[in-house]
$ cat entry36.cif   # mmCIF, C-alpha atoms
data_protein
#
loop_
_atom_site.label_atom_id
_atom_site.label_comp_id
_atom_site.auth_asym_id
_atom_site.auth_seq_id
_atom_site.Cartn_x
_atom_site.Cartn_y
_atom_site.Cartn_z
CA MET A 273 -24.33 -14.92 28.99
CA SER A 274 -21.92 -16.50 26.49
CA MET A 275 -21.11 -13.30 24.50
CA GLY A 276 -20.11 -15.46 21.57
CA ILE A 277 -17.72 -17.75 23.47
CA SER A 278 -18.38 -21.47 23.72
CA GLU A 279 -17.96 -23.37 26.96
CA GLU A 280 -15.09 -25.33 25.40
CA VAL A 281 -13.14 -22.18 24.55
CA TYR A 282 -13.84 -20.59 27.95
CA ASP A 283 -12.68 -23.70 29.83
CA PHE A 284 -9.52 -23.90 27.72
CA GLY A 285 -8.64 -20.34 28.74
CA ALA A 286 -9.61 -20.86 32.38
CA LYS A 287 -7.18 -23.75 32.78
CA ILE A 288 -4.32 -21.63 31.47
CA LEU A 289 -5.23 -18.68 33.72
CA THR A 290 -4.83 -20.73 36.88
CA GLU A 291 -1.12 -21.09 36.06
CA LEU A 292 -0.58 -17.36 35.51
CA LYS A 293 -1.46 -15.91 38.92
CA PRO A 294 2.20 -15.54 40.07
CA ARG A 295 3.05 -13.67 36.84
CA PHE A 296 0.05 -11.40 37.25
CA ASP A 297 1.03 -10.63 40.86
CA GLU A 298 4.47 -9.49 39.64
CA ILE A 299 2.85 -7.22 37.04
CA ASP A 300 0.69 -5.63 39.73
CA GLN A 301 3.80 -4.92 41.81
CA VAL A 302 5.47 -3.14 38.88
CA ALA A 303 2.29 -1.15 38.29
CA GLU A 304 2.25 -0.04 41.92
CA ILE A 305 5.84 1.26 41.70
CA ASN A 306 5.12 3.11 38.45
CA GLN A 307 1.85 4.50 39.78
CA LEU A 308 3.68 6.06 42.71
CA LYS A 309 6.35 7.39 40.35
CA VAL A 310 3.72 9.27 38.32
CA LEU A 311 1.86 10.44 41.42
CA GLY A 312 5.11 11.70 42.95
CA ALA A 313 5.93 13.70 39.81
CA MET A 314 2.46 15.26 39.79
CA GLN A 315 2.70 16.24 43.45
CA LYS A 316 6.25 17.57 43.06
CA ASN A 317 5.13 19.86 40.24
CA THR A 318 2.02 20.98 42.16
CA VAL A 319 -0.53 19.98 39.54
CA SER A 320 -3.62 22.07 40.25
CA GLU A 321 -7.10 22.52 38.85
CA ALA A 322 -5.78 25.50 36.89
CA CYS A 323 -3.47 23.11 35.00
CA LEU A 324 -6.50 21.44 33.43
CA LEU A 325 -7.95 24.54 31.78
CA GLY A 326 -5.84 24.81 28.63
CA THR A 327 -5.33 27.61 26.14
CA THR A 328 -6.14 28.61 22.56
CA GLY A 329 -4.40 30.69 19.91
CA TYR A 330 -0.68 31.01 20.42
CA GLY A 331 -0.76 29.20 23.73
CA TYR A 332 1.58 31.60 25.49
CA ASN A 333 2.05 30.93 29.21
CA ASP A 334 0.11 27.68 29.13
CA LEU A 335 0.49 26.58 32.76
CA GLY A 336 -1.05 23.15 32.24
CA ARG A 337 1.07 22.33 29.18
CA ASP A 338 4.32 23.42 30.81
CA THR A 339 3.53 21.62 34.06
CA LEU A 340 2.62 18.42 32.21
CA GLU A 341 5.98 18.50 30.44
CA ALA A 342 7.70 18.87 33.81
CA VAL A 343 5.68 15.87 35.09
CA TYR A 344 6.86 13.75 32.14
CA ALA A 345 10.47 14.86 32.64
CA ASP A 346 10.39 13.99 36.34
CA THR A 347 8.66 10.64 35.77
CA PHE A 348 11.20 9.62 33.12
CA HIS A 349 14.13 11.25 34.98
CA THR A 350 15.09 13.55 32.10
CA GLU A 351 16.10 17.20 31.87
CA ASP A 352 13.16 18.23 29.72
CA ALA A 353 10.16 16.93 27.78
CA LEU A 354 7.96 17.95 24.87
CA VAL A 355 4.37 16.64 25.22
CA ARG A 356 2.03 18.09 22.62
CA PRO A 357 -1.23 17.43 20.78
CA GLN A 358 0.50 18.96 17.74
CA ILE A 359 2.59 15.76 17.56
CA THR A 360 0.15 13.64 15.59
CA CYS A 361 1.44 10.09 16.17
CA GLY A 362 4.44 7.99 17.16
CA THR A 363 5.99 8.14 13.69
CA HIS A 364 5.67 11.93 13.75
CA ALA A 365 7.34 12.08 17.17
CA LEU A 366 10.23 9.95 15.94
CA ALA A 367 10.58 11.92 12.70
CA LEU A 368 10.58 15.14 14.71
CA ALA A 369 13.30 13.88 17.06
CA LEU A 370 15.45 12.72 14.15
CA MET A 371 15.00 15.69 11.83
CA SER A 372 15.62 18.22 14.58
CA ASN A 373 18.85 16.65 15.81
CA LEU A 374 20.43 15.62 12.50
CA ARG A 375 22.00 17.93 9.92
CA PRO A 376 23.10 17.47 6.29
CA GLY A 377 26.22 15.31 6.20
CA ASP A 378 25.35 13.48 9.42
CA GLU A 379 24.78 9.74 9.53
CA LEU A 380 22.05 7.86 11.37
CA LEU A 381 22.85 4.38 12.66
CA SER A 382 20.41 1.64 13.66
CA PRO A 383 22.37 -1.07 15.52
CA VAL A 384 19.25 -3.22 16.05
CA GLY A 385 18.32 -3.99 12.46
CA LYS A 386 15.52 -2.62 10.32
CA PRO A 387 13.34 0.03 11.94
CA TYR A 388 9.54 -0.02 12.00
CA ASP A 389 7.96 0.10 8.54
CA THR A 390 6.70 3.70 8.72
CA LEU A 391 10.21 4.97 9.54
CA GLU A 392 11.60 3.59 6.28
CA GLU A 393 10.16 6.56 4.41
CA VAL A 394 11.19 9.01 7.15
CA ILE A 395 14.78 7.83 6.80
CA GLY A 396 14.68 7.36 3.04
CA ILE A 397 15.23 3.61 2.94
CA ARG A 398 12.13 3.75 0.75
CA PRO A 399 12.24 7.03 -1.20
CA SER A 400 9.73 9.60 0.04
CA LYS A 401 9.27 13.36 -0.14
CA GLY A 402 10.97 15.16 2.73
CA SER A 403 12.96 12.15 3.94
CA LEU A 404 16.23 12.46 5.82
CA ALA A 405 17.99 11.17 2.71
CA GLU A 406 16.66 14.14 0.71
CA TYR A 407 18.29 16.44 3.25
CA GLY A 408 21.66 14.73 2.94
CA VAL A 409 21.49 12.52 6.04
CA SER A 410 22.92 9.07 5.35
CA TYR A 411 21.82 5.85 7.02
CA ARG A 412 23.64 2.76 8.17
CA GLN A 413 22.21 -0.40 9.72
CA VAL A 414 23.68 -3.32 11.66
CA ASP A 415 21.41 -6.33 11.95
CA LEU A 416 21.05 -8.35 15.11
CA LEU A 417 22.78 -11.72 15.19
CA PRO A 418 20.63 -14.80 14.49
CA ASP A 419 20.15 -15.39 18.23
CA GLY A 420 18.95 -11.80 18.74
CA ALA A 421 22.23 -10.58 20.27
CA PHE A 422 23.87 -7.29 19.33
CA ASP A 423 26.58 -7.56 16.67
CA TYR A 424 29.11 -5.53 18.64
CA GLU A 425 31.96 -6.11 16.19
CA ASN A 426 30.05 -4.65 13.24
CA ILE A 427 28.51 -1.89 15.35
CA ARG A 428 32.03 -0.78 16.23
CA LYS A 429 32.95 -0.78 12.53
CA ALA A 430 29.80 1.15 11.59
CA ILE A 431 30.43 4.07 13.96
CA ASN A 432 32.47 6.68 12.11
CA GLU A 433 33.18 10.41 12.01
CA LYS A 434 29.76 11.10 10.44
CA THR A 435 27.74 9.13 13.00
CA ARG A 436 25.64 11.70 14.82
CA LEU A 437 22.64 9.77 16.15
CA VAL A 438 21.95 6.14 17.03
CA THR A 439 18.32 5.01 16.96
CA ILE A 440 17.31 2.01 19.07
CA GLN A 441 13.85 0.53 18.61
CA ARG A 442 12.76 -1.08 21.87
CA SER A 443 9.79 -3.01 20.52
CA LYS A 444 9.84 -5.58 17.73
CA GLY A 445 7.58 -3.78 15.25
CA TYR A 446 6.49 -6.07 12.41
CA GLN A 447 9.39 -8.42 13.07
CA THR A 448 9.77 -11.59 15.07
CA ARG A 449 12.88 -10.54 16.97
CA PRO A 450 12.84 -10.21 20.77
CA THR A 451 11.87 -6.89 22.31
CA LEU A 452 14.80 -5.19 24.04
CA SER A 453 14.82 -4.93 27.82
CA VAL A 454 15.85 -1.65 29.45
CA ASP A 455 19.01 -3.36 30.75
CA ARG A 456 19.98 -4.55 27.26
CA ILE A 457 19.36 -1.08 25.86
CA GLY A 458 21.62 0.32 28.58
CA GLN A 459 24.38 -2.11 27.65
CA LEU A 460 24.13 -1.09 23.99
CA ILE A 461 24.18 2.63 24.81
CA SER A 462 27.24 2.16 27.04
CA PHE A 463 29.03 0.35 24.23
CA VAL A 464 28.18 3.03 21.66
CA LYS A 465 29.24 5.86 23.97
CA SER A 466 32.52 4.10 24.81
CA ILE A 467 33.37 4.42 21.12
CA LYS A 468 31.96 7.91 20.48
CA PRO A 469 30.72 9.67 23.63
CA GLU A 470 29.09 12.59 21.82
CA VAL A 471 26.72 10.40 19.81
CA ILE A 472 23.03 11.03 20.56
CA CYS A 473 21.27 7.81 21.56
CA MET A 474 17.53 7.90 20.87
CA VAL A 475 15.17 5.12 21.94
CA ASP A 476 11.84 4.48 20.23
CA ASN A 477 9.98 3.73 23.46
CA CYS A 478 6.61 2.94 21.86
CA TYR A 479 4.72 0.14 23.64
CA GLY A 480 7.36 -0.02 26.38
CA GLU A 481 6.46 2.71 28.86
CA PHE A 482 5.68 1.44 32.39
CA VAL A 483 6.28 -2.21 31.50
CA GLU A 484 9.36 -2.19 33.73
CA THR A 485 10.16 -0.08 36.78
CA LYS A 486 12.73 1.92 34.82
CA GLU A 487 12.88 3.48 31.36
CA PRO A 488 15.68 3.77 28.78
CA SER A 489 16.28 7.33 30.01
CA ASP A 490 17.44 5.74 33.29
CA VAL A 491 20.23 3.85 31.49
CA GLY A 492 21.80 6.55 29.34
CA ALA A 493 19.36 7.35 26.51
CA ASP A 494 19.60 10.98 25.42
CA MET A 495 16.02 10.89 24.11
CA ILE A 496 13.05 8.59 24.55
CA VAL A 497 10.16 9.01 22.17
CA GLY A 498 6.59 7.71 22.11
CA SER A 499 2.92 8.14 21.27
CA LEU A 500 0.16 9.22 23.64
CA ILE A 501 -2.35 6.84 22.04
CA LYS A 502 -0.15 4.02 23.28
CA ASN A 503 0.92 3.34 26.88
CA PRO A 504 1.43 6.83 28.37
CA GLY A 505 -1.96 8.15 27.26
CA GLY A 506 -3.72 5.56 29.37
CA GLY A 507 -6.46 5.19 26.77
CA LEU A 508 -7.75 8.72 27.39
CA ALA A 509 -5.39 10.91 25.34
CA PRO A 510 -7.11 11.51 21.98
CA ILE A 511 -3.89 12.42 20.12
CA GLY A 512 -0.31 13.41 20.87
CA GLY A 513 3.26 12.32 21.29
CA TYR A 514 6.22 13.01 23.55
CA ILE A 515 9.98 13.43 23.42
CA ALA A 516 11.80 13.36 26.76
CA GLY A 517 15.53 13.68 27.27
CA ARG A 518 18.48 16.05 27.35
CA LYS A 519 17.45 19.70 27.28
CA GLU A 520 19.31 20.48 24.06
CA CYS A 521 17.74 17.56 22.19
CA VAL A 522 14.23 18.46 23.37
CA GLU A 523 14.71 22.14 22.52
CA ASN A 524 15.85 21.20 19.02
CA ALA A 525 12.67 19.18 18.61
CA ALA A 526 10.51 22.07 19.88
CA TYR A 527 12.04 24.50 17.37
CA ARG A 528 11.36 22.00 14.58
CA LEU A 529 7.78 21.36 15.74
CA THR A 530 6.85 25.05 15.88
CA SER A 531 9.38 27.49 14.45
CA PRO A 532 12.93 28.76 15.01
CA GLY A 533 12.69 31.47 17.62
CA LEU A 534 9.42 30.14 19.07
CA GLY A 535 10.11 26.60 20.29
CA LYS A 536 8.20 25.50 23.38
CA GLU A 537 6.70 28.95 24.00
CA VAL A 538 3.80 28.38 21.59
CA GLY A 539 1.38 25.52 20.99
CA ALA A 540 -2.04 25.78 22.59
CA SER A 541 -3.34 22.77 24.52
CA LEU A 542 -6.87 23.24 23.16
CA GLY A 543 -8.82 21.87 26.11
CA ILE A 544 -7.46 18.32 26.11
CA LEU A 545 -5.15 18.62 29.11
CA PRO A 546 -7.53 16.75 31.46
CA GLN A 547 -7.25 13.66 29.22
CA PHE A 548 -3.47 14.03 29.03
CA TYR A 549 -3.08 14.30 32.81
CA GLN A 550 -5.62 11.65 33.75
CA GLY A 551 -4.43 9.29 31.02
CA PHE A 552 -0.83 9.56 32.25
CA PHE A 553 -2.04 8.97 35.81
CA LEU A 554 -3.89 5.80 34.74
CA ALA A 555 -1.14 4.61 32.38
CA PRO A 556 0.69 2.27 34.83
CA THR A 557 -2.45 0.25 35.61
CA VAL A 558 -3.71 0.29 32.02
CA THR A 559 -0.31 -0.97 30.87
CA ALA A 560 -0.54 -3.73 33.48
CA SER A 561 -3.86 -4.87 31.99
CA ALA A 562 -2.32 -4.95 28.53
CA LEU A 563 0.65 -6.95 29.82
CA LYS A 564 -1.62 -9.56 31.39
CA ALA A 565 -3.43 -9.83 28.07
CA ALA A 566 -0.18 -10.39 26.16
CA ILE A 567 0.92 -13.14 28.54
CA PHE A 568 -2.50 -14.82 28.38
CA ALA A 569 -2.46 -14.75 24.56
CA ALA A 570 1.08 -16.13 24.46
CA ASN A 571 0.20 -19.06 26.68
CA ILE A 572 -2.99 -19.89 24.79
CA TYR A 573 -1.45 -19.89 21.33
CA GLU A 574 1.80 -21.51 22.40
CA ARG A 575 -0.25 -24.35 23.91
CA LEU A 576 -1.91 -24.77 20.50
CA GLY A 577 1.46 -25.12 18.76
CA PHE A 578 1.89 -21.69 17.19
CA PRO A 579 5.25 -19.85 17.42
CA VAL A 580 4.88 -16.88 19.79
CA ILE A 581 7.27 -14.06 20.66
CA PRO A 582 7.76 -13.57 23.54
CA ASN A 583 6.98 -17.10 24.65
CA GLY A 584 4.65 -17.90 27.50
CA THR A 585 7.26 -17.75 30.26
CA GLU A 586 9.95 -15.24 29.32
CA SER A 587 10.20 -11.72 30.76
CA ARG A 588 8.25 -8.88 29.14
CA HIS A 589 9.59 -5.56 27.91
CA ASP A 590 6.66 -4.24 25.88
CA ILE A 591 2.94 -4.94 25.54
CA ILE A 592 3.07 -6.54 22.08
CA GLN A 593 2.47 -10.24 21.53
CA ALA A 594 3.41 -11.77 18.18
CA VAL A 595 1.74 -14.98 17.06
CA THR A 596 2.87 -16.59 13.81
CA PHE A 597 0.16 -18.49 11.94
CA GLY A 598 2.09 -19.19 8.73
CA LYS A 599 -0.94 -18.44 6.58
CA PRO A 600 -3.00 -15.29 5.94
CA GLU A 601 -6.24 -16.97 7.04
CA GLY A 602 -4.93 -17.23 10.60
CA VAL A 603 -4.00 -13.53 10.78
CA ILE A 604 -7.39 -12.50 9.37
CA ALA A 605 -9.40 -14.81 11.65
CA PHE A 606 -7.53 -13.59 14.74
CA CYS A 607 -8.22 -9.95 13.83
CA GLU A 608 -11.87 -10.71 13.16
CA GLY A 609 -12.19 -12.14 16.67
CA ILE A 610 -10.55 -9.10 18.26
CA GLN A 611 -12.83 -6.76 16.31
CA ALA A 612 -15.90 -8.72 17.36
CA ALA A 613 -14.89 -8.17 21.00
CA ALA A 614 -14.64 -4.38 20.66
CA PRO A 615 -16.90 -1.88 22.45
CA VAL A 616 -16.99 0.25 19.28
CA ASP A 617 -17.61 -1.11 15.76
CA SER A 618 -17.90 -4.71 16.92
CA HIS A 619 -20.20 -5.31 13.94
CA VAL A 620 -17.46 -4.38 11.45
CA THR A 621 -15.33 -7.00 9.69
CA PRO A 622 -11.69 -5.89 9.28
CA GLU A 623 -10.07 -6.43 5.89
CA PRO A 624 -6.48 -6.08 4.64
CA TRP A 625 -5.82 -2.78 2.84
CA ASP A 626 -3.02 -0.66 1.40
CA MET A 627 -2.26 1.41 4.47
CA PRO A 628 0.03 4.48 3.99
CA GLY A 629 3.63 3.88 5.04
CA TYR A 630 3.64 0.09 4.59
CA ASP A 631 4.98 -2.08 1.76
CA ALA A 632 2.25 -4.75 1.99
CA LYS A 633 -1.45 -4.88 2.75
CA VAL A 634 -2.14 -4.55 6.48
CA ILE A 635 -5.14 -5.74 8.47
CA MET A 636 -6.05 -3.86 11.62
CA ALA A 637 -8.63 -4.72 14.26
CA ALA A 638 -9.39 -1.90 16.67
CA GLY A 639 -12.85 -0.99 17.80
CA ALA A 640 -11.52 1.81 19.94
CA PHE A 641 -12.81 4.96 21.64
CA VAL A 642 -9.75 6.75 20.19
CA SER A 643 -9.19 5.94 16.53
CA GLY A 644 -6.04 3.86 16.07
CA SER A 645 -5.30 3.69 19.78
CA SER A 646 -3.15 0.62 20.31
CA ILE A 647 -3.25 0.74 24.09
CA GLU A 648 -6.87 -0.26 23.57
CA LEU A 649 -7.60 -3.87 22.61
CA SER A 650 -6.22 -4.19 19.09
CA ALA A 651 -4.42 -6.45 16.66
CA ASP A 652 -2.78 -5.94 13.32
CA GLY A 653 -0.32 -7.45 10.92
CA PRO A 654 1.01 -7.25 7.37
CA ILE A 655 -0.33 -9.83 4.97
CA LYS A 656 3.07 -11.23 4.05
CA GLU A 657 5.43 -13.96 5.24
CA PRO A 658 5.65 -15.25 7.93
CA TYR A 659 1.98 -14.24 8.43
CA ALA A 660 2.28 -13.11 12.01
CA VAL A 661 -0.30 -11.10 13.93
CA TYR A 662 0.68 -8.50 16.52
CA PHE A 663 -1.71 -8.21 19.44
CA GLN A 664 -1.63 -5.45 22.02
CA GLY A 665 -3.65 -3.43 24.46
CA GLY A 666 -6.65 -3.77 26.71
CA LEU A 667 -7.79 -0.89 28.91
CA THR A 668 -9.11 -3.40 31.44
CA TRP A 669 -8.02 -6.96 32.05
CA PRO A 670 -11.58 -8.44 31.87
CA HIS A 671 -12.10 -6.91 28.43
CA ALA A 672 -8.68 -8.03 27.21
CA LYS A 673 -9.35 -11.57 28.41
CA TYR A 674 -12.65 -11.61 26.55
CA GLY A 675 -10.97 -10.35 23.37
CA ILE A 676 -8.38 -13.11 23.40
CA LEU A 677 -11.06 -15.75 23.88
CA ARG A 678 -13.03 -14.26 20.97
CA SER A 679 -9.93 -14.49 18.77
CA LEU A 680 -9.63 -18.18 19.69
CA GLN A 681 -13.33 -18.71 19.01
CA SER A 682 -12.91 -17.15 15.56
CA LEU A 683 -9.99 -19.42 14.67
CA LYS A 684 -11.88 -22.46 15.94
CA ALA A 685 -14.98 -21.59 13.89
CA LYS A 686 -12.87 -21.49 10.73
CA GLY A 687 -11.24 -24.83 11.51
CA LEU A 688 -7.79 -23.28 12.05
CA VAL A 689 -7.35 -24.66 15.60
CA VAL A 690 -8.42 -27.79 17.42
CA LEU A 691 -8.72 -27.59 21.21
#
$ encode --input "entry36.cif" --output "structure tokens"
Amino acid sequence: MSMGISEEVYDFGAKILTELKPRFDEIDQVAEINQLKVLGAMQKNTVSEACLLGTTGYGYNDLGRDTLEAVYADTFHTEDALVRPQITCGTHALALALMSNLRPGDELLSPVGKPYDTLEEVIGIRPSKGSLAEYGVSYRQVDLLPDGAFDYENIRKAINEKTRLVTIQRSKGYQTRPTLSVDRIGQLISFVKSIKPEVICMVDNCYGEFVETKEPSDVGADMIVGSLIKNPGGGLAPIGGYIAGRKECVENAAYRLTSPGLGKEVGASLGILPQFYQGFFLAPTVTASALKAAIFAANIYERLGFPVIPNGTESRHDIIQAVTFGKPEGVIAFCEGIQAAAPVDSHVTPEPWDMPGYDAKVIMAAGAFVSGSSIELSADGPIKEPYAVYFQGGLTWPHAKYGILRSLQSLKAKGLVVL
């Protein structure tokens, strides 16, 4: 059964796969360590059948919700965690963490360059209702050096008496810079705290959870923030986000999410705790599948002469693979191939559109069981220079492999690659 893949395309991929077995074995070893980390946290907090029942209404005394937050805190080695379906997405989680821990007159610093597109309106880089700028929070940015290194000299100059919070984006977003390893994040946090120890260091951990055997919270981050429809939801969480970190920072976020005086005490879990627990349990192995997919895609497209970040051999610190085609047709054809490989809506043709929060048309391919879930096989990219596509996800390695081959088949059919 060809499933839309020619023998030539399949053989091209098969040759590359034979070279990747040592890399895949390393990924499986990391997944095993992280699996035991999650299991240990669940056993320590005596997760029981009663934890899966959930609550309605106010959600007072929600055993499952409170236990799940303890499981997250223990897994990520933090004092506390906020894990809620009321957090609608990763951008919401980040906005919540920022808005709850910054006050008028404070300054936010990004020492790793421009943040992800949707945060520009949260911060006020692009004017938007309710932005941090509207509340009197200023923003300062230090770009990475051309080689991707931290600009320590200018970071030192940027930290001043108003600097309250430093935001560090682990993944590349819609940029072609390298993703930051946990060790590099730790070095940056140490530098910042050597200048101003009381500064809150927040890490946007989206796409990075369980890729390494440690998290930014293990190297000094005061908060790590992410989405449950990415890595930690394991493909099962239908919505949600998390903030894990120092107790004070998490409490501030809880009071902002619900109400002053209420905080973590309210917020019903609405019957979705089984997906939250089981998704988190599966997350290390699901992330491993997505990592294998990213490495496979990098090696295929690098072999065909396209710039890829990360390249086919370097270490991985998130699940995203960037491939630069240099023309919109390449981005569109790639996304069409990924969509055609989906279990849901495979018959749909993705098209660029004016997506909220972005400054250019964006094309997204994601035939997912959970709408917008980017731990599932997906690809997206803005239709603007340098015309790069960002591929991520794959709940199972066999499906992810098939999706990458379908993307290659799509490009070949349009005459954009020659094998």
$ atom_distance --input "entry36.cif" --atom1 "atom CA of A:Ser650" --atom2 "atom CA of A:Phe597"
17.2 Å
$ residues_around --input "entry36.cif" --residues "A:Pro383" --least-positions-apart "6" --cutoff "10 Å" --atoms "all atoms listed in the file" --output "list in words"
Arg412, Gln413, Val414, Asp415, Leu416, Phe422, Asp423, Tyr424, Asn426, Ile427, Arg428, Ala430, Ile431, Val438, Thr439, Ile440, Gln441, Leu460 and Val464 of chain A
$ resolve_selection --input "entry36.cif" --expression "the PyMOL selection byres ((chain A and resi 569) around 10)" --output "ChimeraX atom specification"
/A:285,288,563-568,570-575,580,583-584,593-595,663-664,672-673,675-677,679-680
$ residues_around --input "entry36.cif" --residues "stretch 523-525 of chain A" --least-positions-apart "2" --cutoff "8 Å" --atoms "only C-alpha atoms" --output "list in words"
Leu354, Leu368, Ala369, Met371, Ser372, Asn373, Ile515, Lys519, Glu520, Cys521, Tyr527, Arg528, Leu529, Gly535 and Lys536 of chain A
$ atom_distance --input "entry36.cif" --atom1 "atom CA of A:Gly408" --atom2 "atom CA of A:Glu379"
8.8 Å
$ closest_residue --input "entry36.cif" --among "A:Gly653, A:Gly517, A:Pro450, A:Gly507" --to "A:Glu341" --atoms "all atoms listed in the file"
A:Gly517
$ resolve_selection --input "entry36.cif" --expression "the PyMOL selection byres ((chain A and resi 682) around 9)" --output "list in words"
Ala605, Phe606, Cys607, Glu608, Gly609, Ile610, Leu677, Arg678, Ser679, Leu680, Gln681, Leu683, Lys684, Ala685, Lys686, Gly687 and Leu688 of chain A
$ resolve_selection --input "entry36.cif" --expression "the PyMOL selection byres ((chain A and resi 560) around 8)" --output "PyMOL selection string"
chain A and resi 299-300+303+483+556-559+561-564
$ atom_distance --input "entry36.cif" --atom1 "atom CA of A:Leu404" --atom2 "atom CA of A:Gly458"
26.4 Å
$ closest_residue --input "entry36.cif" --among "A:Pro582, A:Gly506, A:Pro654, A:Pro357" --to "A:Gly666" --atoms "all atoms listed in the file"
A:Gly506
$ closest_residue --input "entry36.cif" --among "A:Gln459, A:Gln547, A:Thr390, A:Asn317" --to "A:Cys361" --atoms "only C-alpha atoms"
A:Thr390
$ closest_residue --input "entry36.cif" --among "A:Tyr659, A:Leu554, A:Val310, A:Ile647" --to "A:Gly598" --atoms "all atoms listed in the file"
A:Tyr659
$ build_atoms --input "entry36.cif" --residues "stretch 327-341 of chain A" --atoms "N, CA and C atoms" --output "mmCIF file, in the coordinates of the input"
data_model
loop_
_atom_site.group_PDB
_atom_site.id
_atom_site.type_symbol
_atom_site.label_atom_id
_atom_site.label_comp_id
_atom_site.auth_asym_id
_atom_site.auth_seq_id
_atom_site.Cartn_x
_atom_site.Cartn_y
_atom_site.Cartn_z
ATOM 1 N N THR A 327 -5.411 26.324 26.818
ATOM 2 C CA THR A 327 -5.330 27.610 26.140
ATOM 3 C C THR A 327 -5.722 27.446 24.676
ATOM 4 N N THR A 328 -5.885 28.590 23.998
ATOM 5 C CA THR A 328 -6.140 28.610 22.560
ATOM 6 C C THR A 328 -5.124 29.547 21.911
ATOM 7 N N GLY A 329 -5.272 29.737 20.613
ATOM 8 C CA GLY A 329 -4.400 30.690 19.910
ATOM 9 C C GLY A 329 -2.943 30.309 19.981
ATOM 10 N N TYR A 330 -2.120 31.282 20.359
ATOM 11 C CA TYR A 330 -0.680 31.010 20.420
ATOM 12 C C TYR A 330 -0.313 30.046 21.550
ATOM 13 N N GLY A 331 -1.081 30.066 22.613
ATOM 14 C CA GLY A 331 -0.760 29.200 23.730
ATOM 15 C C GLY A 331 0.344 29.729 24.625
ATOM 16 N N TYR A 332 0.552 31.038 24.611
ATOM 17 C CA TYR A 332 1.580 31.600 25.490
ATOM 18 C C TYR A 332 1.223 31.339 26.955
ATOM 19 N N ASN A 333 2.228 31.090 27.755
ATOM 20 C CA ASN A 333 2.050 30.930 29.210
ATOM 21 C C ASN A 333 0.997 29.893 29.557
ATOM 22 N N ASP A 334 1.057 28.774 28.875
ATOM 23 C CA ASP A 334 0.110 27.680 29.130
ATOM 24 C C ASP A 334 0.609 26.896 30.345
ATOM 25 N N LEU A 335 0.044 27.196 31.507
ATOM 26 C CA LEU A 335 0.490 26.580 32.760
ATOM 27 C C LEU A 335 0.345 25.070 32.724
ATOM 28 N N GLY A 336 -0.797 24.584 32.251
ATOM 29 C CA GLY A 336 -1.050 23.150 32.240
ATOM 30 C C GLY A 336 -0.096 22.403 31.321
ATOM 31 N N ARG A 337 0.148 22.956 30.127
ATOM 32 C CA ARG A 337 1.070 22.330 29.180
ATOM 33 C C ARG A 337 2.479 22.257 29.758
ATOM 34 N N ASP A 338 2.954 23.377 30.287
ATOM 35 C CA ASP A 338 4.320 23.420 30.810
ATOM 36 C C ASP A 338 4.486 22.526 32.036
ATOM 37 N N THR A 339 3.461 22.484 32.883
ATOM 38 C CA THR A 339 3.530 21.620 34.060
ATOM 39 C C THR A 339 3.510 20.153 33.660
ATOM 40 N N LEU A 340 2.681 19.804 32.681
ATOM 41 C CA LEU A 340 2.620 18.420 32.210
ATOM 42 C C LEU A 340 3.983 17.977 31.675
ATOM 43 N N GLU A 341 4.654 18.852 30.961
ATOM 44 C CA GLU A 341 5.980 18.500 30.440
ATOM 45 C C GLU A 341 6.982 18.301 31.564
#
